[in-house]
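protein.cif, holding mmCIF, N, CA and C atoms:
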data_structure
loop_
_atom_site.label_atom_id
_atom_site.label_comp_id
_atom_site.auth_asym_id
_atom_site.auth_seq_id
_atom_site.Cartn_x
_atom_site.Cartn_y
_atom_site.Cartn_z
N MET A 2 12.85 -21.08 -21.57
CA MET A 2 13.92 -21.22 -20.61
C MET A 2 14.52 -19.84 -20.34
N ILE A 3 14.78 -19.54 -19.09
CA ILE A 3 15.36 -18.26 -18.67
C ILE A 3 16.85 -18.46 -18.41
N TRP A 4 17.65 -17.57 -18.97
CA TRP A 4 19.07 -17.44 -18.64
C TRP A 4 19.35 -15.95 -18.58
N GLU A 5 19.58 -15.43 -17.38
CA GLU A 5 19.91 -14.02 -17.21
C GLU A 5 21.11 -13.91 -16.28
N GLN A 6 21.91 -12.88 -16.55
CA GLN A 6 23.08 -12.67 -15.70
C GLN A 6 23.28 -11.18 -15.49
N THR A 7 23.65 -10.83 -14.28
CA THR A 7 23.95 -9.44 -13.96
C THR A 7 25.07 -9.39 -12.92
N PHE A 8 25.67 -8.22 -12.81
CA PHE A 8 26.68 -7.98 -11.79
C PHE A 8 26.04 -7.18 -10.66
N ILE A 9 26.38 -7.53 -9.45
CA ILE A 9 25.87 -6.83 -8.27
C ILE A 9 27.07 -6.24 -7.54
N ASP A 10 27.10 -4.91 -7.44
CA ASP A 10 28.17 -4.23 -6.71
C ASP A 10 27.67 -3.88 -5.31
N LEU A 11 28.39 -4.34 -4.31
CA LEU A 11 28.06 -4.05 -2.92
C LEU A 11 29.06 -3.03 -2.38
N ALA A 12 28.55 -2.08 -1.62
CA ALA A 12 29.39 -1.05 -1.00
C ALA A 12 30.37 -1.70 -0.02
N PRO A 13 31.50 -1.04 0.24
CA PRO A 13 32.44 -1.57 1.22
C PRO A 13 31.76 -1.79 2.57
N LEU A 14 32.10 -2.89 3.20
CA LEU A 14 31.58 -3.23 4.52
C LEU A 14 32.75 -3.52 5.45
N PRO A 15 32.58 -3.30 6.74
CA PRO A 15 33.66 -3.63 7.67
C PRO A 15 33.82 -5.14 7.78
N ARG A 16 34.92 -5.54 8.34
CA ARG A 16 35.16 -6.96 8.55
C ARG A 16 34.02 -7.57 9.36
N GLY A 17 33.57 -8.75 8.95
CA GLY A 17 32.49 -9.42 9.67
C GLY A 17 31.54 -10.13 8.71
N PHE A 18 30.47 -10.63 9.26
CA PHE A 18 29.45 -11.37 8.52
C PHE A 18 28.23 -10.47 8.39
N HIS A 19 27.85 -10.15 7.15
CA HIS A 19 26.81 -9.15 6.89
C HIS A 19 25.64 -9.77 6.14
N LEU A 20 24.44 -9.52 6.63
CA LEU A 20 23.23 -10.00 5.98
C LEU A 20 22.94 -9.09 4.78
N VAL A 21 22.97 -9.67 3.58
CA VAL A 21 22.79 -8.88 2.35
C VAL A 21 21.66 -9.43 1.47
N THR A 22 20.78 -10.22 2.04
CA THR A 22 19.70 -10.85 1.28
C THR A 22 18.90 -9.84 0.48
N ASP A 23 18.44 -8.78 1.12
CA ASP A 23 17.59 -7.79 0.44
C ASP A 23 18.33 -7.11 -0.70
N GLN A 24 19.60 -6.80 -0.51
CA GLN A 24 20.38 -6.18 -1.59
C GLN A 24 20.53 -7.14 -2.77
N ILE A 25 20.76 -8.40 -2.49
CA ILE A 25 20.90 -9.40 -3.55
C ILE A 25 19.60 -9.52 -4.34
N ILE A 26 18.48 -9.65 -3.64
CA ILE A 26 17.19 -9.79 -4.32
C ILE A 26 16.89 -8.56 -5.16
N ALA A 27 17.16 -7.39 -4.62
CA ALA A 27 16.85 -6.14 -5.34
C ALA A 27 17.69 -5.97 -6.60
N ARG A 28 18.89 -6.53 -6.63
CA ARG A 28 19.80 -6.29 -7.76
C ARG A 28 20.00 -7.51 -8.66
N SER A 29 19.40 -8.65 -8.29
CA SER A 29 19.51 -9.86 -9.10
C SER A 29 18.63 -9.75 -10.33
N PRO A 30 18.82 -10.66 -11.29
CA PRO A 30 17.85 -10.74 -12.37
C PRO A 30 16.45 -10.90 -11.78
N ASP A 31 15.43 -10.51 -12.53
CA ASP A 31 14.05 -10.51 -12.05
C ASP A 31 13.57 -11.93 -11.72
N LEU A 32 13.53 -12.24 -10.44
CA LEU A 32 13.13 -13.57 -10.00
C LEU A 32 11.65 -13.84 -10.28
N SER A 33 10.84 -12.79 -10.34
CA SER A 33 9.40 -12.98 -10.52
C SER A 33 9.04 -13.67 -11.83
N THR A 34 9.95 -13.67 -12.79
CA THR A 34 9.69 -14.31 -14.08
C THR A 34 10.01 -15.81 -14.05
N CYS A 35 10.50 -16.30 -12.93
CA CYS A 35 10.97 -17.69 -12.85
C CYS A 35 10.04 -18.52 -11.97
N GLU A 36 9.42 -19.51 -12.55
CA GLU A 36 8.55 -20.41 -11.79
C GLU A 36 9.37 -21.39 -10.96
N VAL A 37 10.39 -21.98 -11.59
CA VAL A 37 11.27 -22.89 -10.89
C VAL A 37 12.67 -22.74 -11.50
N GLY A 38 13.68 -22.64 -10.65
CA GLY A 38 15.03 -22.47 -11.18
C GLY A 38 16.06 -22.33 -10.09
N LEU A 39 17.20 -21.77 -10.49
CA LEU A 39 18.34 -21.59 -9.59
C LEU A 39 18.94 -20.21 -9.79
N LEU A 40 19.30 -19.59 -8.68
CA LEU A 40 20.08 -18.35 -8.72
C LEU A 40 21.47 -18.70 -8.21
N HIS A 41 22.44 -18.53 -9.09
CA HIS A 41 23.83 -18.79 -8.70
C HIS A 41 24.51 -17.46 -8.43
N LEU A 42 25.17 -17.35 -7.28
CA LEU A 42 25.90 -16.14 -6.89
C LEU A 42 27.37 -16.49 -6.75
N PHE A 43 28.23 -15.67 -7.34
CA PHE A 43 29.68 -15.88 -7.29
C PHE A 43 30.34 -14.55 -6.95
N ILE A 44 31.17 -14.53 -5.91
CA ILE A 44 31.89 -13.31 -5.53
C ILE A 44 33.24 -13.32 -6.24
N GLN A 45 33.57 -12.21 -6.90
CA GLN A 45 34.79 -12.11 -7.70
C GLN A 45 35.98 -11.62 -6.87
N HIS A 46 36.15 -12.18 -5.71
CA HIS A 46 37.22 -11.76 -4.81
C HIS A 46 37.73 -12.98 -4.06
N THR A 47 38.99 -12.91 -3.60
CA THR A 47 39.58 -14.03 -2.88
C THR A 47 39.72 -13.79 -1.38
N SER A 48 39.21 -12.67 -0.90
CA SER A 48 39.32 -12.37 0.53
C SER A 48 37.96 -12.06 1.16
N ALA A 49 36.90 -12.54 0.51
CA ALA A 49 35.54 -12.46 1.04
C ALA A 49 34.81 -13.71 0.57
N SER A 50 33.70 -14.04 1.23
CA SER A 50 32.97 -15.27 0.93
C SER A 50 31.47 -15.01 0.93
N LEU A 51 30.72 -16.02 0.48
CA LEU A 51 29.26 -15.99 0.54
C LEU A 51 28.79 -17.20 1.34
N ALA A 52 27.73 -17.02 2.12
CA ALA A 52 27.19 -18.12 2.91
C ALA A 52 25.70 -17.89 3.14
N VAL A 53 25.02 -18.94 3.54
CA VAL A 53 23.63 -18.87 3.99
C VAL A 53 23.62 -19.30 5.45
N ASN A 54 22.97 -18.48 6.29
CA ASN A 54 22.89 -18.82 7.70
C ASN A 54 21.78 -18.00 8.35
N GLU A 55 21.77 -17.99 9.67
CA GLU A 55 20.76 -17.33 10.51
C GLU A 55 20.50 -15.89 10.09
N ASN A 56 19.22 -15.52 9.92
CA ASN A 56 18.90 -14.16 9.49
C ASN A 56 18.24 -13.33 10.58
N ALA A 57 18.06 -13.85 11.77
CA ALA A 57 17.31 -13.13 12.79
C ALA A 57 18.19 -12.55 13.90
N ASP A 58 19.00 -13.36 14.52
CA ASP A 58 19.77 -12.94 15.68
C ASP A 58 21.17 -12.49 15.25
N PRO A 59 21.50 -11.21 15.37
CA PRO A 59 22.83 -10.73 14.97
C PRO A 59 23.96 -11.32 15.81
N ASP A 60 23.65 -11.89 16.96
CA ASP A 60 24.69 -12.55 17.76
C ASP A 60 25.36 -13.68 16.99
N VAL A 61 24.60 -14.33 16.11
CA VAL A 61 25.17 -15.42 15.30
C VAL A 61 26.30 -14.88 14.44
N ARG A 62 26.09 -13.74 13.80
CA ARG A 62 27.12 -13.17 12.93
C ARG A 62 28.37 -12.80 13.73
N GLY A 63 28.19 -12.24 14.91
CA GLY A 63 29.33 -11.93 15.77
C GLY A 63 30.06 -13.17 16.23
N ASP A 64 29.31 -14.20 16.59
CA ASP A 64 29.93 -15.46 17.02
C ASP A 64 30.72 -16.09 15.88
N LEU A 65 30.18 -16.05 14.67
CA LEU A 65 30.90 -16.60 13.52
C LEU A 65 32.21 -15.85 13.29
N GLU A 66 32.17 -14.52 13.35
CA GLU A 66 33.38 -13.73 13.15
C GLU A 66 34.43 -14.09 14.21
N ARG A 67 34.01 -14.15 15.46
CA ARG A 67 34.96 -14.48 16.53
C ARG A 67 35.52 -15.88 16.36
N HIS A 68 34.68 -16.84 15.99
CA HIS A 68 35.15 -18.22 15.81
C HIS A 68 36.19 -18.30 14.68
N PHE A 69 35.88 -17.68 13.54
CA PHE A 69 36.82 -17.75 12.42
C PHE A 69 38.13 -17.05 12.74
N ASN A 70 38.09 -15.99 13.55
CA ASN A 70 39.33 -15.31 13.93
C ASN A 70 40.19 -16.17 14.85
N VAL A 71 39.57 -17.03 15.66
CA VAL A 71 40.33 -17.97 16.49
C VAL A 71 40.84 -19.12 15.62
N MET A 72 39.98 -19.63 14.75
CA MET A 72 40.33 -20.76 13.91
C MET A 72 41.42 -20.41 12.89
N VAL A 73 41.37 -19.18 12.37
CA VAL A 73 42.35 -18.73 11.36
C VAL A 73 42.93 -17.41 11.86
N PRO A 74 43.94 -17.47 12.71
CA PRO A 74 44.47 -16.25 13.33
C PRO A 74 45.36 -15.44 12.38
N GLU A 75 45.47 -14.17 12.68
CA GLU A 75 46.44 -13.32 11.99
C GLU A 75 47.83 -13.58 12.55
N ASN A 76 48.84 -13.21 11.75
CA ASN A 76 50.24 -13.28 12.18
C ASN A 76 50.72 -14.67 12.56
N ALA A 77 50.15 -15.71 11.98
CA ALA A 77 50.64 -17.06 12.26
C ALA A 77 52.07 -17.16 11.73
N PRO A 78 52.98 -17.75 12.47
CA PRO A 78 54.38 -17.77 12.07
C PRO A 78 54.66 -18.54 10.79
N HIS A 79 53.76 -19.40 10.36
CA HIS A 79 53.99 -20.20 9.16
C HIS A 79 53.49 -19.52 7.88
N TYR A 80 52.84 -18.35 7.95
CA TYR A 80 52.40 -17.65 6.75
C TYR A 80 53.59 -17.06 6.01
N GLU A 81 53.65 -17.28 4.72
CA GLU A 81 54.67 -16.65 3.87
C GLU A 81 54.09 -15.44 3.14
N HIS A 82 52.80 -15.49 2.80
CA HIS A 82 52.13 -14.40 2.08
C HIS A 82 51.73 -13.32 3.09
N VAL A 83 52.64 -12.36 3.33
CA VAL A 83 52.40 -11.35 4.37
C VAL A 83 52.52 -9.92 3.84
N MET A 84 52.80 -9.75 2.55
CA MET A 84 53.05 -8.42 1.99
C MET A 84 51.83 -7.49 2.03
N GLU A 85 50.62 -8.05 2.05
CA GLU A 85 49.40 -7.24 1.99
C GLU A 85 48.76 -7.03 3.35
N GLY A 86 49.48 -7.28 4.41
CA GLY A 86 48.97 -7.03 5.75
C GLY A 86 48.59 -8.30 6.49
N PRO A 87 48.45 -8.19 7.81
CA PRO A 87 48.21 -9.38 8.63
C PRO A 87 46.84 -10.02 8.43
N ASP A 88 45.89 -9.28 7.86
CA ASP A 88 44.55 -9.84 7.66
C ASP A 88 44.39 -10.52 6.30
N ASP A 89 45.38 -10.39 5.40
CA ASP A 89 45.20 -10.88 4.03
C ASP A 89 45.27 -12.40 3.91
N MET A 90 46.32 -13.03 4.41
CA MET A 90 46.41 -14.49 4.29
C MET A 90 45.27 -15.17 5.03
N PRO A 91 44.92 -14.75 6.26
CA PRO A 91 43.74 -15.34 6.89
C PRO A 91 42.47 -15.16 6.06
N ALA A 92 42.35 -14.03 5.37
CA ALA A 92 41.18 -13.79 4.52
C ALA A 92 41.11 -14.82 3.39
N HIS A 93 42.25 -15.15 2.79
CA HIS A 93 42.27 -16.15 1.72
C HIS A 93 41.88 -17.54 2.27
N ILE A 94 42.36 -17.87 3.44
CA ILE A 94 42.02 -19.16 4.04
C ILE A 94 40.53 -19.22 4.35
N LYS A 95 39.98 -18.16 4.92
CA LYS A 95 38.55 -18.13 5.23
C LYS A 95 37.70 -18.24 3.96
N ASN A 96 38.17 -17.62 2.86
CA ASN A 96 37.47 -17.75 1.59
C ASN A 96 37.42 -19.21 1.14
N ILE A 97 38.53 -19.91 1.29
CA ILE A 97 38.58 -21.33 0.91
C ILE A 97 37.63 -22.15 1.80
N LEU A 98 37.60 -21.86 3.09
CA LEU A 98 36.76 -22.62 4.02
C LEU A 98 35.27 -22.39 3.79
N ILE A 99 34.87 -21.15 3.56
CA ILE A 99 33.45 -20.82 3.41
C ILE A 99 33.02 -20.95 1.96
N GLY A 100 33.81 -20.43 1.05
CA GLY A 100 33.52 -20.57 -0.37
C GLY A 100 33.10 -19.29 -1.05
N PRO A 101 33.35 -19.20 -2.37
CA PRO A 101 33.04 -17.99 -3.13
C PRO A 101 31.68 -17.98 -3.81
N SER A 102 30.88 -19.06 -3.64
CA SER A 102 29.63 -19.10 -4.40
C SER A 102 28.51 -19.80 -3.65
N LEU A 103 27.28 -19.50 -4.09
CA LEU A 103 26.07 -20.13 -3.59
C LEU A 103 25.18 -20.46 -4.77
N THR A 104 24.46 -21.55 -4.70
CA THR A 104 23.40 -21.85 -5.65
C THR A 104 22.12 -22.01 -4.85
N LEU A 105 21.15 -21.13 -5.13
CA LEU A 105 19.93 -21.05 -4.33
C LEU A 105 18.72 -21.42 -5.18
N PRO A 106 17.77 -22.17 -4.63
CA PRO A 106 16.58 -22.52 -5.38
C PRO A 106 15.62 -21.33 -5.51
N VAL A 107 14.98 -21.26 -6.68
CA VAL A 107 13.94 -20.27 -6.92
C VAL A 107 12.64 -21.03 -7.15
N ASN A 108 11.58 -20.61 -6.46
CA ASN A 108 10.28 -21.27 -6.57
C ASN A 108 9.20 -20.21 -6.60
N HIS A 109 8.37 -20.26 -7.63
CA HIS A 109 7.26 -19.30 -7.79
C HIS A 109 7.74 -17.85 -7.67
N GLY A 110 8.86 -17.53 -8.32
CA GLY A 110 9.34 -16.16 -8.39
C GLY A 110 10.04 -15.63 -7.16
N ARG A 111 10.40 -16.52 -6.23
CA ARG A 111 11.07 -16.08 -5.00
C ARG A 111 12.18 -17.05 -4.64
N LEU A 112 13.17 -16.55 -3.92
CA LEU A 112 14.17 -17.46 -3.38
C LEU A 112 13.50 -18.40 -2.38
N ALA A 113 13.81 -19.66 -2.46
CA ALA A 113 13.22 -20.67 -1.57
C ALA A 113 14.12 -20.89 -0.36
N LEU A 114 14.39 -19.80 0.34
CA LEU A 114 15.17 -19.88 1.58
C LEU A 114 14.25 -20.27 2.72
N GLY A 115 14.81 -20.90 3.75
CA GLY A 115 14.04 -21.21 4.94
C GLY A 115 13.70 -19.95 5.71
N THR A 116 12.76 -20.06 6.62
CA THR A 116 12.29 -18.91 7.41
C THR A 116 13.41 -18.15 8.07
N TRP A 117 14.39 -18.85 8.59
CA TRP A 117 15.45 -18.21 9.36
C TRP A 117 16.77 -18.15 8.60
N GLN A 118 16.71 -18.23 7.27
CA GLN A 118 17.93 -18.19 6.47
C GLN A 118 18.08 -16.87 5.73
N GLY A 119 19.32 -16.40 5.65
CA GLY A 119 19.65 -15.21 4.90
C GLY A 119 21.00 -15.38 4.22
N ILE A 120 21.26 -14.53 3.24
CA ILE A 120 22.52 -14.56 2.51
C ILE A 120 23.51 -13.63 3.21
N TYR A 121 24.70 -14.15 3.46
CA TYR A 121 25.76 -13.38 4.11
C TYR A 121 26.85 -13.03 3.10
N LEU A 122 27.32 -11.79 3.17
CA LEU A 122 28.63 -11.44 2.64
C LEU A 122 29.57 -11.55 3.83
N CYS A 123 30.53 -12.42 3.73
CA CYS A 123 31.52 -12.63 4.79
C CYS A 123 32.76 -11.85 4.40
N GLU A 124 32.95 -10.72 5.02
CA GLU A 124 34.08 -9.84 4.70
C GLU A 124 35.22 -10.18 5.64
N HIS A 125 36.35 -10.59 5.06
CA HIS A 125 37.47 -11.06 5.85
C HIS A 125 38.62 -10.06 5.96
N ARG A 126 38.51 -8.92 5.30
CA ARG A 126 39.57 -7.90 5.38
C ARG A 126 39.14 -6.77 6.30
N ASP A 127 40.12 -6.12 6.92
CA ASP A 127 39.82 -4.99 7.80
C ASP A 127 39.32 -3.76 7.03
N ARG A 128 39.92 -3.49 5.88
CA ARG A 128 39.55 -2.29 5.11
C ARG A 128 39.39 -2.65 3.63
N ALA A 129 38.44 -3.48 3.35
CA ALA A 129 38.21 -3.91 1.96
C ALA A 129 37.45 -2.85 1.19
N GLY A 130 37.58 -2.92 -0.10
CA GLY A 130 36.76 -2.07 -0.96
C GLY A 130 35.41 -2.71 -1.19
N GLY A 131 34.67 -2.16 -2.14
CA GLY A 131 33.39 -2.76 -2.51
C GLY A 131 33.61 -4.16 -3.08
N ARG A 132 32.57 -4.92 -3.09
CA ARG A 132 32.65 -6.31 -3.59
C ARG A 132 31.70 -6.47 -4.77
N ARG A 133 32.10 -7.28 -5.74
CA ARG A 133 31.29 -7.53 -6.94
C ARG A 133 30.89 -9.00 -6.99
N LEU A 134 29.60 -9.22 -7.24
CA LEU A 134 29.06 -10.56 -7.39
C LEU A 134 28.54 -10.72 -8.81
N VAL A 135 28.60 -11.94 -9.32
CA VAL A 135 27.95 -12.30 -10.57
C VAL A 135 26.71 -13.11 -10.16
N ALA A 136 25.54 -12.66 -10.61
CA ALA A 136 24.28 -13.35 -10.32
C ALA A 136 23.73 -13.92 -11.62
N THR A 137 23.56 -15.24 -11.65
CA THR A 137 23.06 -15.91 -12.85
C THR A 137 21.77 -16.65 -12.49
N LEU A 138 20.69 -16.31 -13.17
CA LEU A 138 19.40 -16.95 -12.99
C LEU A 138 19.13 -17.89 -14.15
N GLN A 139 18.79 -19.12 -13.81
CA GLN A 139 18.38 -20.07 -14.85
C GLN A 139 17.12 -20.76 -14.37
N GLY A 140 16.21 -21.02 -15.29
CA GLY A 140 14.98 -21.71 -14.93
C GLY A 140 13.92 -21.56 -15.99
N ARG A 141 12.70 -21.75 -15.57
CA ARG A 141 11.57 -21.57 -16.48
C ARG A 141 10.44 -20.86 -15.77
#

Any chance you could put this one into structure tokens?
Amino acid sequence: MIWEQTFIDLAPLPRGFHLVTDQIIARSPDLSTCEVGLLHLFIQHTSASLAVNENADPDVRGDLERHFNVMVPENAPHYEHVMEGPDDMPAHIKNILIGPSLTLPVNHGRLALGTWQGIYLCEHRDRAGGRRLVATLQGR
């Protein structure tokens, strides 16, 4: 049985939805040793999220960013948590909506993503620092 865990540090990215599949694979525990299993990814931040979505057309990422900005606007009059800037409370809400973790299937030493699927880092702050993920591989 395989149980491996590592931390993945991602460089700061601008606000938006970013395809990070290749970075995740390169820095995760060695998937090639796993015939069947799960890779669990958890982001250790409350103002960014992880998601799986379209990996081919960058228009999808732009549309998602624009939609979430309409759905969760800055400067809403009912926000009380405003000390960290107008993008902070919306970032926390977006994290709750999208989520801080993913569990992905591993098959024959590779992530079993669909042809058009990729892993997104969803950055919800205007000027965020780097982001840290915990990657845990379990399987056989």

Which residues of range 50-141 of chain A have any atom within 7 Å of an atom in range 17-29 of chain A when counting all atoms listed in the file, and what is the closest pair of atoms for each, with the distance in Å to one decimal? Order the rows by chain and rising number and write it as JSON lines.
{"residue": "A:Asn56", "atom": "CA", "partner": "A:Leu20", "partner_atom": "CA", "distance": 7.0}
{"residue": "A:Arg62", "atom": "CA", "partner": "A:Phe18", "partner_atom": "CA", "distance": 5.3}
{"residue": "A:Gly63", "atom": "N", "partner": "A:Phe18", "partner_atom": "N", "distance": 6.3}
{"residue": "A:Leu65", "atom": "C", "partner": "A:Phe18", "partner_atom": "N", "distance": 6.8}
{"residue": "A:Glu66", "atom": "CA", "partner": "A:Gly17", "partner_atom": "CA", "distance": 5.6}
{"residue": "A:Gly119", "atom": "C", "partner": "A:Thr22", "partner_atom": "CA", "distance": 5.6}
{"residue": "A:Ile120", "atom": "C", "partner": "A:Val21", "partner_atom": "N", "distance": 4.0}
{"residue": "A:Tyr121", "atom": "CA", "partner": "A:His19", "partner_atom": "C", "distance": 4.1}
{"residue": "A:Leu122", "atom": "N", "partner": "A:His19", "partner_atom": "C", "distance": 4.0}
{"residue": "A:Cys123", "atom": "CA", "partner": "A:Phe18", "partner_atom": "CA", "distance": 4.4}
{"residue": "A:Glu124", "atom": "C", "partner": "A:Gly17", "partner_atom": "N", "distance": 4.0}
{"residue": "A:His125", "atom": "N", "partner": "A:Gly17", "partner_atom": "N", "distance": 5.1}
{"residue": "A:Arg126", "atom": "N", "partner": "A:Gly17", "partner_atom": "N", "distance": 6.1}
{"residue": "A:Ala136", "atom": "CA", "partner": "A:Ser29", "partner_atom": "CA", "distance": 6.0}

Note to self: Please identify the strand (DSSP E) residues within range 90-132 of chain A (assignment by DSSP from backbone atoms) and present them as a PyMOL selection string.
What the structure shows: chain A and resi 102-108+111-112+118-124+132

Margin query: Quick check on the file I pasted: which residues fall under the PyMOL selection byres (((chain A and resi 38-44 and name CA) around 6) and name CA)? Write them as a PyMOL selection string.
Written below: chain A and resi 37+45-46+101-107+133-140

Please dump the current selection as a PDB file, keeping the file's coordinate frame; keep N, CA and C atoms.
ATOM      1  N   VAL A  37      10.390 -21.980 -11.590  1.00  0.00           N
ATOM      2  CA  VAL A  37      11.270 -22.890 -10.890  1.00  0.00           C
ATOM      3  C   VAL A  37      12.670 -22.740 -11.500  1.00  0.00           C
ATOM      4  N   GLN A  45      33.570 -12.210  -6.900  1.00  0.00           N
ATOM      5  CA  GLN A  45      34.790 -12.110  -7.700  1.00  0.00           C
ATOM      6  C   GLN A  45      35.980 -11.620  -6.870  1.00  0.00           C
ATOM      7  N   HIS A  46      36.150 -12.180  -5.710  1.00  0.00           N
ATOM      8  CA  HIS A  46      37.220 -11.760  -4.810  1.00  0.00           C
ATOM      9  C   HIS A  46      37.730 -12.980  -4.060  1.00  0.00           C
ATOM     10  N   PRO A 101      33.350 -19.200  -2.370  1.00  0.00           N
ATOM     11  CA  PRO A 101      33.040 -17.990  -3.130  1.00  0.00           C
ATOM     12  C   PRO A 101      31.680 -17.980  -3.810  1.00  0.00           C
ATOM     13  N   SER A 102      30.880 -19.060  -3.640  1.00  0.00           N
ATOM     14  CA  SER A 102      29.630 -19.100  -4.400  1.00  0.00           C
ATOM     15  C   SER A 102      28.510 -19.800  -3.650  1.00  0.00           C
ATOM     16  N   LEU A 103      27.280 -19.500  -4.090  1.00  0.00           N
ATOM     17  CA  LEU A 103      26.070 -20.130  -3.590  1.00  0.00           C
ATOM     18  C   LEU A 103      25.180 -20.460  -4.770  1.00  0.00           C
ATOM     19  N   THR A 104      24.460 -21.550  -4.700  1.00  0.00           N
ATOM     20  CA  THR A 104      23.400 -21.850  -5.650  1.00  0.00           C
ATOM     21  C   THR A 104      22.120 -22.010  -4.850  1.00  0.00           C
ATOM     22  N   LEU A 105      21.150 -21.130  -5.130  1.00  0.00           N
ATOM     23  CA  LEU A 105      19.930 -21.050  -4.330  1.00  0.00           C
ATOM     24  C   LEU A 105      18.720 -21.420  -5.180  1.00  0.00           C
ATOM     25  N   PRO A 106      17.770 -22.170  -4.630  1.00  0.00           N
ATOM     26  CA  PRO A 106      16.580 -22.520  -5.380  1.00  0.00           C
ATOM     27  C   PRO A 106      15.620 -21.330  -5.510  1.00  0.00           C
ATOM     28  N   VAL A 107      14.980 -21.260  -6.680  1.00  0.00           N
ATOM     29  CA  VAL A 107      13.940 -20.270  -6.920  1.00  0.00           C
ATOM     30  C   VAL A 107      12.640 -21.030  -7.150  1.00  0.00           C
ATOM     31  N   ARG A 133      32.100  -7.280  -5.740  1.00  0.00           N
ATOM     32  CA  ARG A 133      31.290  -7.530  -6.940  1.00  0.00           C
ATOM     33  C   ARG A 133      30.890  -9.000  -6.990  1.00  0.00           C
ATOM     34  N   LEU A 134      29.600  -9.220  -7.240  1.00  0.00           N
ATOM     35  CA  LEU A 134      29.060 -10.560  -7.390  1.00  0.00           C
ATOM     36  C   LEU A 134      28.540 -10.720  -8.810  1.00  0.00           C
ATOM     37  N   VAL A 135      28.600 -11.940  -9.320  1.00  0.00           N
ATOM     38  CA  VAL A 135      27.950 -12.300 -10.570  1.00  0.00           C
ATOM     39  C   VAL A 135      26.710 -13.110 -10.160  1.00  0.00           C
ATOM     40  N   ALA A 136      25.540 -12.660 -10.610  1.00  0.00           N
ATOM     41  CA  ALA A 136      24.280 -13.350 -10.320  1.00  0.00           C
ATOM     42  C   ALA A 136      23.730 -13.920 -11.620  1.00  0.00           C
ATOM     43  N   THR A 137      23.560 -15.240 -11.650  1.00  0.00           N
ATOM     44  CA  THR A 137      23.060 -15.910 -12.850  1.00  0.00           C
ATOM     45  C   THR A 137      21.770 -16.650 -12.490  1.00  0.00           C
ATOM     46  N   LEU A 138      20.690 -16.310 -13.170  1.00  0.00           N
ATOM     47  CA  LEU A 138      19.400 -16.950 -12.990  1.00  0.00           C
ATOM     48  C   LEU A 138      19.130 -17.890 -14.150  1.00  0.00           C
ATOM     49  N   GLN A 139      18.790 -19.120 -13.810  1.00  0.00           N
ATOM     50  CA  GLN A 139      18.380 -20.070 -14.850  1.00  0.00           C
ATOM     51  C   GLN A 139      17.120 -20.760 -14.370  1.00  0.00           C
ATOM     52  N   GLY A 140      16.210 -21.020 -15.290  1.00  0.00           N
ATOM     53  CA  GLY A 140      14.980 -21.710 -14.930  1.00  0.00           C
ATOM     54  C   GLY A 140      13.920 -21.560 -15.990  1.00  0.00           C
TER      55      GLY A 140
END

Where is the centre and how long are the edges: axis-aligned box on range 51-65 of chain A, 5 Å on each side, Å to one decimal, as JSON:
{"center_x": 24.8, "center_y": -15.0, "center_z": 9.1, "size_x": 24.9, "size_y": 18.6, "size_z": 27.3}

Notebook entry, point to check: Which distance in Å separates atom N of Ile94 in chain A and atom C of Glu81 in chain A, to one decimal?
Noted result: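 Separation of atom N of Ile94 in chain A and atom C of Glu81 in chain A: 12.0 Å.
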
Next item on the list: Can you work out which one of A:Ala92, A:Val53, A:Asp64, A:Thr47 has the shortest atom-to-atom distance to Asp127 in chain A, counting only C-alpha atoms?
Entry: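 Counting only C-alpha atoms, the residue closest to Asp127 in chain A is A:Ala92.
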
Next item on the list: Just the residues within 8 Å of Pro74 in chain A, please, counting only N, CA and C atoms, with nothing from its chain fewer than 5 positions along; format it as a PyMOL selection string.
Entry: chain A and resi 69+87-88+90-92

Margin query: Using Å and a single decimal, report how far CA of Ile99 in chain A sits from CA of Val73 in chain A.
Written below: 12.1 Å

Notebook entry, point to check: Got a sec to resolve the PyMOL selection byres (((chain A and resi 131 and name CA) around 8) and name CA) on this structure and send the residues as number ranges by chain?
Noted result: A: 10-14, 129-130, 132-133

Write the residues of the selection above to a file with N, CA and C atoms, as a PDB file, in the coordinates of the input.
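Contents of result-v2.pdb, as written:
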ATOM      1  N   ASP A  10      27.100  -4.910  -7.440  1.00  0.00           N
ATOM      2  CA  ASP A  10      28.170  -4.230  -6.710  1.00  0.00           C
ATOM      3  C   ASP A  10      27.670  -3.880  -5.310  1.00  0.00           C
ATOM      4  N   LEU A  11      28.390  -4.340  -4.310  1.00  0.00           N
ATOM      5  CA  LEU A  11      28.060  -4.050  -2.920  1.00  0.00           C
ATOM      6  C   LEU A  11      29.060  -3.030  -2.380  1.00  0.00           C
ATOM      7  N   ALA A  12      28.550  -2.080  -1.620  1.00  0.00           N
ATOM      8  CA  ALA A  12      29.390  -1.050  -1.000  1.00  0.00           C
ATOM      9  C   ALA A  12      30.370  -1.700  -0.020  1.00  0.00           C
ATOM     10  N   PRO A  13      31.500  -1.040   0.240  1.00  0.00           N
ATOM     11  CA  PRO A  13      32.440  -1.570   1.220  1.00  0.00           C
ATOM     12  C   PRO A  13      31.760  -1.790   2.570  1.00  0.00           C
ATOM     13  N   LEU A  14      32.100  -2.890   3.200  1.00  0.00           N
ATOM     14  CA  LEU A  14      31.580  -3.230   4.520  1.00  0.00           C
ATOM     15  C   LEU A  14      32.750  -3.520   5.450  1.00  0.00           C
ATOM     16  N   ALA A 129      38.440  -3.480   3.350  1.00  0.00           N
ATOM     17  CA  ALA A 129      38.210  -3.910   1.960  1.00  0.00           C
ATOM     18  C   ALA A 129      37.450  -2.850   1.190  1.00  0.00           C
ATOM     19  N   GLY A 130      37.580  -2.920  -0.100  1.00  0.00           N
ATOM     20  CA  GLY A 130      36.760  -2.070  -0.960  1.00  0.00           C
ATOM     21  C   GLY A 130      35.410  -2.710  -1.190  1.00  0.00           C
ATOM     22  N   ARG A 132      32.570  -4.920  -3.090  1.00  0.00           N
ATOM     23  CA  ARG A 132      32.650  -6.310  -3.590  1.00  0.00           C
ATOM     24  C   ARG A 132      31.700  -6.470  -4.770  1.00  0.00           C
ATOM     25  N   ARG A 133      32.100  -7.280  -5.740  1.00  0.00           N
ATOM     26  CA  ARG A 133      31.290  -7.530  -6.940  1.00  0.00           C
ATOM     27  C   ARG A 133      30.890  -9.000  -6.990  1.00  0.00           C
TER      28      ARG A 133
END
